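Pasting structure_4.cif here (mmCIF, C-alpha atoms; chains and numbers go by the auth columns):
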```cif
data_coords
#
loop_
_atom_site.group_PDB
_atom_site.id
_atom_site.type_symbol
_atom_site.label_atom_id
_atom_site.label_comp_id
_atom_site.label_asym_id
_atom_site.label_seq_id
_atom_site.Cartn_x
_atom_site.Cartn_y
_atom_site.Cartn_z
_atom_site.B_iso_or_equiv
_atom_site.auth_seq_id
_atom_site.auth_asym_id
ATOM 1 C CA MET A 1 93.000 -214.782 -261.500 0.00 1 A
ATOM 2 C CA GLU A 2 91.547 -214.217 -264.966 0.00 2 A
ATOM 3 C CA LEU A 3 87.840 -213.433 -265.243 0.00 3 A
ATOM 4 C CA PRO A 4 86.994 -216.585 -267.292 0.00 4 A
ATOM 5 C CA ALA A 5 88.630 -218.772 -264.639 0.00 5 A
ATOM 6 C CA ILE A 6 86.626 -217.048 -261.860 0.00 6 A
ATOM 7 C CA ALA A 7 83.438 -217.406 -263.909 0.00 7 A
ATOM 8 C CA ALA A 8 84.147 -221.121 -264.399 0.00 8 A
ATOM 9 C CA ALA A 9 84.649 -221.626 -260.656 0.00 9 A
ATOM 10 C CA LEU A 10 81.470 -219.738 -259.685 0.00 10 A
ATOM 11 C CA PRO A 11 78.859 -222.433 -260.345 0.00 11 A
ATOM 12 C CA ALA A 12 80.683 -224.968 -258.149 0.00 12 A
ATOM 13 C CA LEU A 13 81.220 -222.379 -255.421 0.00 13 A
ATOM 14 C CA GLY A 14 77.650 -221.193 -255.786 0.00 14 A
ATOM 15 C CA TRP A 15 76.233 -224.671 -255.305 0.00 15 A
ATOM 16 C CA ALA A 16 78.434 -225.403 -252.307 0.00 16 A
ATOM 17 C CA LEU A 17 77.430 -222.110 -250.723 0.00 17 A
ATOM 18 C CA HIS A 18 73.755 -222.555 -251.624 0.00 18 A
ATOM 19 C CA GLY A 19 73.751 -226.095 -250.208 0.00 19 A
ATOM 20 C CA SER A 20 75.256 -225.058 -246.887 0.00 20 A
ATOM 21 C CA LEU A 21 73.007 -221.991 -246.594 0.00 21 A
ATOM 22 C CA LEU A 22 69.955 -224.105 -247.370 0.00 22 A
ATOM 23 C CA ALA A 23 70.970 -226.728 -244.807 0.00 23 A
ATOM 24 C CA ARG A 24 71.523 -224.020 -242.206 0.00 24 A
ATOM 25 C CA ARG A 25 68.245 -222.302 -243.070 0.00 25 A
ATOM 26 C CA LEU A 26 66.357 -225.582 -242.691 0.00 26 A
ATOM 27 C CA SER A 27 67.975 -226.426 -239.375 0.00 27 A
ATOM 28 C CA THR A 28 67.295 -222.966 -237.962 0.00 28 A
ATOM 29 C CA ALA A 29 63.957 -222.414 -239.707 0.00 29 A
ATOM 30 C CA ARG A 30 61.513 -221.121 -237.151 0.00 30 A
ATOM 31 C CA ARG A 31 58.410 -222.023 -239.155 0.00 31 A
ATOM 32 C CA ASP A 32 57.358 -225.160 -240.978 0.00 32 A
ATOM 33 C CA PRO A 33 56.598 -224.110 -244.588 0.00 33 A
ATOM 34 C CA LEU A 34 53.566 -226.397 -244.954 0.00 34 A
ATOM 35 C CA THR A 35 51.704 -225.569 -241.739 0.00 35 A
ATOM 36 C CA GLY A 36 53.174 -222.251 -240.601 0.00 36 A
ATOM 37 C CA LEU A 37 53.683 -223.814 -237.156 0.00 37 A
ATOM 38 C CA HIS A 38 56.981 -223.407 -235.341 0.00 38 A
ATOM 39 C CA THR A 39 59.659 -225.992 -236.011 0.00 39 A
ATOM 40 C CA ARG A 40 61.311 -227.840 -233.147 0.00 40 A
ATOM 41 C CA ALA A 41 64.030 -225.172 -232.855 0.00 41 A
ATOM 42 C CA GLY A 42 61.657 -222.232 -232.655 0.00 42 A
ATOM 43 C CA TRP A 43 59.172 -224.019 -230.423 0.00 43 A
ATOM 44 C CA THR A 44 61.662 -225.340 -227.869 0.00 44 A
ATOM 45 C CA ALA A 45 62.844 -221.843 -226.929 0.00 45 A
ATOM 46 C CA ARG A 46 59.222 -220.691 -226.492 0.00 46 A
ATOM 47 C CA ALA A 47 58.264 -223.781 -224.515 0.00 47 A
ATOM 48 C CA GLU A 48 61.230 -223.283 -222.165 0.00 48 A
ATOM 49 C CA ARG A 49 60.074 -219.707 -221.490 0.00 49 A
ATOM 50 C CA ILE A 50 56.513 -220.842 -220.754 0.00 50 A
ATOM 51 C CA ILE A 51 57.774 -223.543 -218.377 0.00 51 A
ATOM 52 C CA ALA A 52 59.987 -221.035 -216.561 0.00 52 A
ATOM 53 C CA ARG A 53 57.062 -218.787 -215.695 0.00 53 A
ATOM 54 C CA SER A 54 54.029 -221.114 -215.712 0.00 54 A
ATOM 55 C CA PRO A 55 54.072 -223.830 -213.045 0.00 55 A
ATOM 56 C CA ASN A 56 50.703 -225.194 -214.293 0.00 56 A
ATOM 57 C CA ALA A 57 51.800 -225.573 -217.911 0.00 57 A
ATOM 58 C CA LEU A 58 50.569 -228.526 -219.930 0.00 58 A
ATOM 59 C CA THR A 59 52.757 -230.144 -222.597 0.00 59 A
ATOM 60 C CA LEU A 60 51.423 -232.494 -225.211 0.00 60 A
ATOM 61 C CA LEU A 61 52.544 -234.581 -228.149 0.00 61 A
ATOM 62 C CA VAL A 62 50.362 -235.593 -231.080 0.00 62 A
ATOM 63 C CA ASP A 63 51.068 -238.365 -233.531 0.00 63 A
ATOM 64 C CA LEU A 64 48.704 -239.116 -236.409 0.00 64 A
ATOM 65 C CA ASP A 65 47.752 -242.797 -236.551 0.00 65 A
ATOM 66 C CA ASP A 66 48.422 -244.698 -239.789 0.00 66 A
ATOM 67 C CA PHE A 67 49.398 -241.511 -241.608 0.00 67 A
ATOM 68 C CA LYS A 68 51.273 -243.514 -244.253 0.00 68 A
ATOM 69 C CA ALA A 69 47.980 -245.200 -245.161 0.00 69 A
ATOM 70 C CA ILE A 70 46.395 -241.770 -245.845 0.00 70 A
ATOM 71 C CA ASN A 71 49.217 -240.905 -248.259 0.00 71 A
ATOM 72 C CA ASP A 72 49.080 -244.350 -249.877 0.00 72 A
ATOM 73 C CA THR A 73 45.284 -244.414 -250.214 0.00 73 A
ATOM 74 C CA HIS A 74 44.415 -240.786 -250.946 0.00 74 A
ATOM 75 C CA GLY A 75 47.716 -239.348 -252.234 0.00 75 A
ATOM 76 C CA HIS A 76 50.242 -236.850 -250.883 0.00 76 A
ATOM 77 C CA ALA A 77 48.039 -233.789 -251.434 0.00 77 A
ATOM 78 C CA ALA A 78 45.458 -235.389 -249.155 0.00 78 A
ATOM 79 C CA GLY A 79 48.206 -236.188 -246.657 0.00 79 A
ATOM 80 C CA ASP A 80 49.264 -232.539 -246.718 0.00 80 A
ATOM 81 C CA ALA A 81 45.634 -231.487 -246.182 0.00 81 A
ATOM 82 C CA VAL A 82 45.447 -233.721 -243.083 0.00 82 A
ATOM 83 C CA ILE A 83 48.747 -232.288 -241.766 0.00 83 A
ATOM 84 C CA THR A 84 47.604 -228.672 -242.252 0.00 84 A
ATOM 85 C CA ALA A 85 44.177 -229.394 -240.712 0.00 85 A
ATOM 86 C CA THR A 86 45.831 -231.017 -237.684 0.00 86 A
ATOM 87 C CA ALA A 87 48.169 -228.030 -237.357 0.00 87 A
ATOM 88 C CA SER A 88 45.350 -225.492 -237.422 0.00 88 A
ATOM 89 C CA ARG A 89 43.247 -227.528 -234.959 0.00 89 A
ATOM 90 C CA LEU A 90 46.174 -227.649 -232.560 0.00 90 A
ATOM 91 C CA ALA A 91 47.031 -223.970 -233.017 0.00 91 A
ATOM 92 C CA SER A 92 43.459 -222.811 -232.503 0.00 92 A
ATOM 93 C CA TRP A 93 43.155 -224.957 -229.360 0.00 93 A
ATOM 94 C CA CYS A 94 46.337 -223.355 -227.957 0.00 94 A
ATOM 95 C CA HIS A 95 45.089 -219.931 -229.075 0.00 95 A
ATOM 96 C CA ARG A 96 46.887 -217.213 -227.100 0.00 96 A
ATOM 97 C CA HIS A 97 47.597 -219.522 -224.186 0.00 97 A
ATOM 98 C CA GLY A 98 50.523 -221.353 -225.692 0.00 98 A
ATOM 99 C CA THR A 99 52.360 -222.438 -228.790 0.00 99 A
ATOM 100 C CA ALA A 100 52.276 -225.395 -231.169 0.00 100 A
ATOM 101 C CA ALA A 101 54.941 -227.006 -233.334 0.00 101 A
ATOM 102 C CA ARG A 102 55.297 -229.506 -236.123 0.00 102 A
ATOM 103 C CA LEU A 103 58.224 -231.629 -235.013 0.00 103 A
ATOM 104 C CA GLY A 104 58.385 -233.349 -238.378 0.00 104 A
ATOM 105 C CA GLY A 105 56.370 -235.794 -240.462 0.00 105 A
ATOM 106 C CA ASP A 106 53.071 -236.367 -238.683 0.00 106 A
ATOM 107 C CA GLU A 107 54.348 -235.411 -235.226 0.00 107 A
ATOM 108 C CA PHE A 108 53.262 -232.298 -233.379 0.00 108 A
ATOM 109 C CA ALA A 109 53.879 -230.764 -229.978 0.00 109 A
ATOM 110 C CA ALA A 110 52.204 -228.013 -227.996 0.00 110 A
ATOM 111 C CA ILE A 111 52.432 -226.298 -224.657 0.00 111 A
ATOM 112 C CA VAL A 112 49.860 -224.118 -222.927 0.00 112 A
ATOM 113 C CA ALA A 113 50.644 -221.938 -219.919 0.00 113 A
ATOM 114 C CA ASP A 114 47.305 -222.609 -218.242 0.00 114 A
ATOM 115 C CA PRO A 115 45.262 -225.610 -219.360 0.00 115 A
ATOM 116 C CA ALA A 116 42.194 -224.168 -217.563 0.00 116 A
ATOM 117 C CA ALA A 117 42.192 -221.338 -220.126 0.00 117 A
ATOM 118 C CA THR A 118 41.743 -223.813 -223.006 0.00 118 A
ATOM 119 C CA SER A 119 38.604 -225.685 -224.027 0.00 119 A
ATOM 120 C CA GLY A 120 40.024 -228.824 -222.385 0.00 120 A
ATOM 121 C CA THR A 121 42.033 -231.864 -223.402 0.00 121 A
ATOM 122 C CA SER A 122 39.045 -233.976 -224.450 0.00 122 A
ATOM 123 C CA THR A 123 37.889 -231.161 -226.760 0.00 123 A
ATOM 124 C CA LEU A 124 41.306 -231.180 -228.418 0.00 124 A
ATOM 125 C CA THR A 125 41.357 -234.968 -228.763 0.00 125 A
ATOM 126 C CA LYS A 126 37.874 -234.889 -230.363 0.00 126 A
ATOM 127 C CA ALA A 127 38.889 -232.085 -232.751 0.00 127 A
ATOM 128 C CA LEU A 128 41.966 -234.033 -233.860 0.00 128 A
ATOM 129 C CA HIS A 129 39.732 -236.987 -234.799 0.00 129 A
ATOM 130 C CA HIS A 130 37.443 -235.017 -237.129 0.00 130 A
ATOM 131 C CA PRO A 131 37.621 -236.195 -240.731 0.00 131 A
ATOM 132 C CA VAL A 132 39.253 -233.823 -243.210 0.00 132 A
ATOM 133 C CA ILE A 133 37.547 -232.869 -246.465 0.00 133 A
ATOM 134 C CA HIS A 134 39.887 -232.971 -249.452 0.00 134 A
ATOM 135 C CA ASP A 135 38.775 -232.960 -253.101 0.00 135 A
ATOM 136 C CA ASP A 136 35.166 -233.499 -251.946 0.00 136 A
ATOM 137 C CA ARG A 137 36.225 -236.658 -250.155 0.00 137 A
ATOM 138 C CA LEU A 138 36.026 -237.275 -246.434 0.00 138 A
ATOM 139 C CA ILE A 139 39.347 -238.531 -245.102 0.00 139 A
ATOM 140 C CA PRO A 140 39.151 -240.222 -241.693 0.00 140 A
ATOM 141 C CA VAL A 141 41.751 -238.960 -239.229 0.00 141 A
ATOM 142 C CA SER A 142 42.912 -240.563 -236.027 0.00 142 A
ATOM 143 C CA ALA A 143 45.539 -239.220 -233.649 0.00 143 A
ATOM 144 C CA SER A 144 47.244 -240.359 -230.478 0.00 144 A
ATOM 145 C CA VAL A 145 47.741 -237.597 -227.932 0.00 145 A
ATOM 146 C CA GLY A 146 49.917 -237.702 -224.837 0.00 146 A
ATOM 147 C CA PHE A 147 49.565 -235.045 -222.140 0.00 147 A
ATOM 148 C CA CYS A 148 51.905 -234.074 -219.331 0.00 148 A
ATOM 149 C CA HIS A 149 50.984 -231.601 -216.606 0.00 149 A
ATOM 150 C CA LEU A 150 54.085 -229.940 -215.240 0.00 150 A
ATOM 151 C CA THR A 151 52.685 -230.233 -211.728 0.00 151 A
ATOM 152 C CA ASP A 152 53.008 -234.037 -212.057 0.00 152 A
ATOM 153 C CA LEU A 153 56.776 -233.857 -212.588 0.00 153 A
ATOM 154 C CA PRO A 154 59.362 -234.018 -209.799 0.00 154 A
ATOM 155 C CA VAL A 155 61.605 -231.733 -211.856 0.00 155 A
ATOM 156 C CA ARG A 156 59.877 -229.324 -214.223 0.00 156 A
ATOM 157 C CA THR A 157 61.959 -229.449 -217.381 0.00 157 A
ATOM 158 C CA LEU A 158 60.815 -229.518 -220.984 0.00 158 A
ATOM 159 C CA THR A 159 62.799 -232.716 -221.575 0.00 159 A
ATOM 160 C CA ASP A 160 61.017 -234.535 -218.739 0.00 160 A
ATOM 161 C CA ALA A 161 57.637 -233.129 -219.784 0.00 161 A
ATOM 162 C CA LEU A 162 58.123 -234.341 -223.370 0.00 162 A
ATOM 163 C CA ALA A 163 59.311 -237.760 -222.185 0.00 163 A
ATOM 164 C CA ALA A 164 56.202 -238.104 -220.000 0.00 164 A
ATOM 165 C CA ALA A 165 53.925 -236.886 -222.819 0.00 165 A
ATOM 166 C CA ASP A 166 55.618 -239.368 -225.163 0.00 166 A
ATOM 167 C CA ALA A 167 55.014 -242.250 -222.744 0.00 167 A
ATOM 168 C CA ALA A 168 51.362 -241.171 -222.366 0.00 168 A
ATOM 169 C CA MET A 169 50.968 -240.903 -226.140 0.00 169 A
ATOM 170 C CA TYR A 170 52.258 -244.429 -226.684 0.00 170 A
ATOM 171 C CA ALA A 171 50.035 -245.723 -223.902 0.00 171 A
ATOM 172 C CA ALA A 172 47.157 -244.063 -225.794 0.00 172 A
ATOM 173 C CA LYS A 173 48.245 -245.981 -228.907 0.00 173 A
ATOM 174 C CA GLY A 174 47.912 -249.142 -226.876 0.00 174 A
ATOM 175 C CA HIS A 175 51.576 -250.082 -226.782 0.00 175 A
ATOM 176 C CA SER A 176 54.743 -248.699 -225.316 0.00 176 A
ATOM 177 C CA ARG A 177 57.578 -247.766 -227.631 0.00 177 A
ATOM 178 C CA ARG A 178 60.061 -248.361 -224.837 0.00 178 A
ATOM 179 C CA ASN A 179 58.977 -251.965 -224.316 0.00 179 A
ATOM 180 C CA GLN A 180 59.449 -252.684 -228.002 0.00 180 A
ATOM 181 C CA HIS A 181 63.074 -251.578 -227.848 0.00 181 A
ATOM 182 C CA HIS A 182 64.030 -253.659 -224.866 0.00 182 A
ATOM 183 C CA HIS A 183 62.434 -257.022 -225.561 0.00 183 A
#
```
Write the structure described by the file as structure tokens, please.
Amino acid sequence: MELPAIAAALPALGWALHGSLLARRLSTARRDPLTGLHTRAGWTARAERIIARSPNALTLLVDLDDFKAINDTHGHAAGDAVITATASRLASWCHRHGTAARLGGDEFAAIVADPAATSGTSTLTKALHHPVIHDDRLIPVSASVGFCHLTDLPVRTLTDALAAADAAMYAAKGHSRRNQHHH
């Protein structure tokens, strides 16, 4: 193949390669670029390890309430500020006792090996409701949190723990997601 022909084919090949590498990097990314928290992939492996060796582990899911309204009212930079604040509040609550993740959008998860080593679930819930200061403005934040103690599960799997935490989170929101799907 002549050099000019190879050179002409390179941009197309380059983009195809770049696109697939980027897609793979995003799907296997261990850290969320905005918050520095683990992504679902990186967190799941860690959570499984904690569950395997910590029978008292506590799993939780966090969902920011009316997050779209924050973006719409205050702008995306403010939305990002709320996401990063939520991430750091969750991470500092877990501290060395567990690990936190941003599952995507305004959804977070965390697991702690021993909930007694943390400052407690009500402390976390309060912290997640603190307003965030952005551009000298106070942005109100509200979050729904669902907790699942592994000791409450008949079978201690991450899947079951997350399902139970999800149900608890939606009960905290005042409605059940499952009921909406079936009726």
Please evaluate the PyMOL selection byres ((chain A and resi 32-49) around 12) against the structure above and give the resulting residues as a PyMOL selection string.
chain A and resi 25-31+50-55+57-60+77+79-92+94+97-113+150+156-162
With C-alpha atoms retained, could you export that selection as a PDB file, keeping the file's coordinate frame?
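Once everything was written out, this is out.pdb:
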```pdb
ATOM      1  CA  ARG A  25      68.245-222.302-243.070  1.00  0.00           C
ATOM      2  CA  LEU A  26      66.357-225.582-242.691  1.00  0.00           C
ATOM      3  CA  SER A  27      67.975-226.426-239.375  1.00  0.00           C
ATOM      4  CA  THR A  28      67.295-222.966-237.962  1.00  0.00           C
ATOM      5  CA  ALA A  29      63.957-222.414-239.707  1.00  0.00           C
ATOM      6  CA  ARG A  30      61.513-221.121-237.151  1.00  0.00           C
ATOM      7  CA  ARG A  31      58.410-222.023-239.155  1.00  0.00           C
ATOM      8  CA  ILE A  50      56.513-220.842-220.754  1.00  0.00           C
ATOM      9  CA  ILE A  51      57.774-223.543-218.377  1.00  0.00           C
ATOM     10  CA  ALA A  52      59.987-221.035-216.561  1.00  0.00           C
ATOM     11  CA  ARG A  53      57.062-218.787-215.695  1.00  0.00           C
ATOM     12  CA  SER A  54      54.029-221.114-215.712  1.00  0.00           C
ATOM     13  CA  PRO A  55      54.072-223.830-213.045  1.00  0.00           C
ATOM     14  CA  ALA A  57      51.800-225.573-217.911  1.00  0.00           C
ATOM     15  CA  LEU A  58      50.569-228.526-219.930  1.00  0.00           C
ATOM     16  CA  THR A  59      52.757-230.144-222.597  1.00  0.00           C
ATOM     17  CA  LEU A  60      51.423-232.494-225.211  1.00  0.00           C
ATOM     18  CA  ALA A  77      48.039-233.789-251.434  1.00  0.00           C
ATOM     19  CA  GLY A  79      48.206-236.188-246.657  1.00  0.00           C
ATOM     20  CA  ASP A  80      49.264-232.539-246.718  1.00  0.00           C
ATOM     21  CA  ALA A  81      45.634-231.487-246.182  1.00  0.00           C
ATOM     22  CA  VAL A  82      45.447-233.721-243.083  1.00  0.00           C
ATOM     23  CA  ILE A  83      48.747-232.288-241.766  1.00  0.00           C
ATOM     24  CA  THR A  84      47.604-228.672-242.252  1.00  0.00           C
ATOM     25  CA  ALA A  85      44.177-229.394-240.712  1.00  0.00           C
ATOM     26  CA  THR A  86      45.831-231.017-237.684  1.00  0.00           C
ATOM     27  CA  ALA A  87      48.169-228.030-237.357  1.00  0.00           C
ATOM     28  CA  SER A  88      45.350-225.492-237.422  1.00  0.00           C
ATOM     29  CA  ARG A  89      43.247-227.528-234.959  1.00  0.00           C
ATOM     30  CA  LEU A  90      46.174-227.649-232.560  1.00  0.00           C
ATOM     31  CA  ALA A  91      47.031-223.970-233.017  1.00  0.00           C
ATOM     32  CA  SER A  92      43.459-222.811-232.503  1.00  0.00           C
ATOM     33  CA  CYS A  94      46.337-223.355-227.957  1.00  0.00           C
ATOM     34  CA  HIS A  97      47.597-219.522-224.186  1.00  0.00           C
ATOM     35  CA  GLY A  98      50.523-221.353-225.692  1.00  0.00           C
ATOM     36  CA  THR A  99      52.360-222.438-228.790  1.00  0.00           C
ATOM     37  CA  ALA A 100      52.276-225.395-231.169  1.00  0.00           C
ATOM     38  CA  ALA A 101      54.941-227.006-233.334  1.00  0.00           C
ATOM     39  CA  ARG A 102      55.297-229.506-236.123  1.00  0.00           C
ATOM     40  CA  LEU A 103      58.224-231.629-235.013  1.00  0.00           C
ATOM     41  CA  GLY A 104      58.385-233.349-238.378  1.00  0.00           C
ATOM     42  CA  GLY A 105      56.370-235.794-240.462  1.00  0.00           C
ATOM     43  CA  ASP A 106      53.071-236.367-238.683  1.00  0.00           C
ATOM     44  CA  GLU A 107      54.348-235.411-235.226  1.00  0.00           C
ATOM     45  CA  PHE A 108      53.262-232.298-233.379  1.00  0.00           C
ATOM     46  CA  ALA A 109      53.879-230.764-229.978  1.00  0.00           C
ATOM     47  CA  ALA A 110      52.204-228.013-227.996  1.00  0.00           C
ATOM     48  CA  ILE A 111      52.432-226.298-224.657  1.00  0.00           C
ATOM     49  CA  VAL A 112      49.860-224.118-222.927  1.00  0.00           C
ATOM     50  CA  ALA A 113      50.644-221.938-219.919  1.00  0.00           C
ATOM     51  CA  LEU A 150      54.085-229.940-215.240  1.00  0.00           C
ATOM     52  CA  ARG A 156      59.877-229.324-214.223  1.00  0.00           C
ATOM     53  CA  THR A 157      61.959-229.449-217.381  1.00  0.00           C
ATOM     54  CA  LEU A 158      60.815-229.518-220.984  1.00  0.00           C
ATOM     55  CA  THR A 159      62.799-232.716-221.575  1.00  0.00           C
ATOM     56  CA  ASP A 160      61.017-234.535-218.739  1.00  0.00           C
ATOM     57  CA  ALA A 161      57.637-233.129-219.784  1.00  0.00           C
ATOM     58  CA  LEU A 162      58.123-234.341-223.370  1.00  0.00           C
TER      59      LEU A 162
END
```
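Distance check against Ala167 of chain A using only C-alpha atoms: of A:Leu61, A:Asp152, A:His129, A:Asn56, the minimum falls on A:Leu61.
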What does the distance between atom CA of Thr151 of chain A and atom CA of Ser122 of chain A come to in Å, to one decimal place?
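Straight-line distance from atom CA of Thr151 of chain A to atom CA of Ser122 of chain A works out to 19.0 Å.
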Any idea what the distance is between atom CA of Ser144 of chain A and atom CA of Tyr170 of chain A?
7.5 Å
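Nearest residue to Arg137 of chain A among A:Val155, A:Ala69, A:Leu64, A:Gly75 is A:Gly75, counting all atoms listed in the file.
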Just give me the gap between atom CA of Phe67 of chain A and atom CA of Asp135 of chain A in Å, one decimal is fine.
17.8 Å
Which polymer residues have any atom within 8 Å of an atom of Val145 of chain A, counting all atoms listed in the file, with same-chain residues fewer than 6 positions away left out, as a list in words?
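Result of the neighbour search: Leu60, Leu61, Val62, Asp63, Thr125, Ala168, Met169 and Ala172 of chain A.
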Select, from A:Ala78, A:Ala165, A:Ile70, A:Ala143, the residue with the minimum atom-to-atom distance to Leu124 of chain A, counting all atoms listed in the file.
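The closest residue to Leu124 of chain A is A:Ala143.
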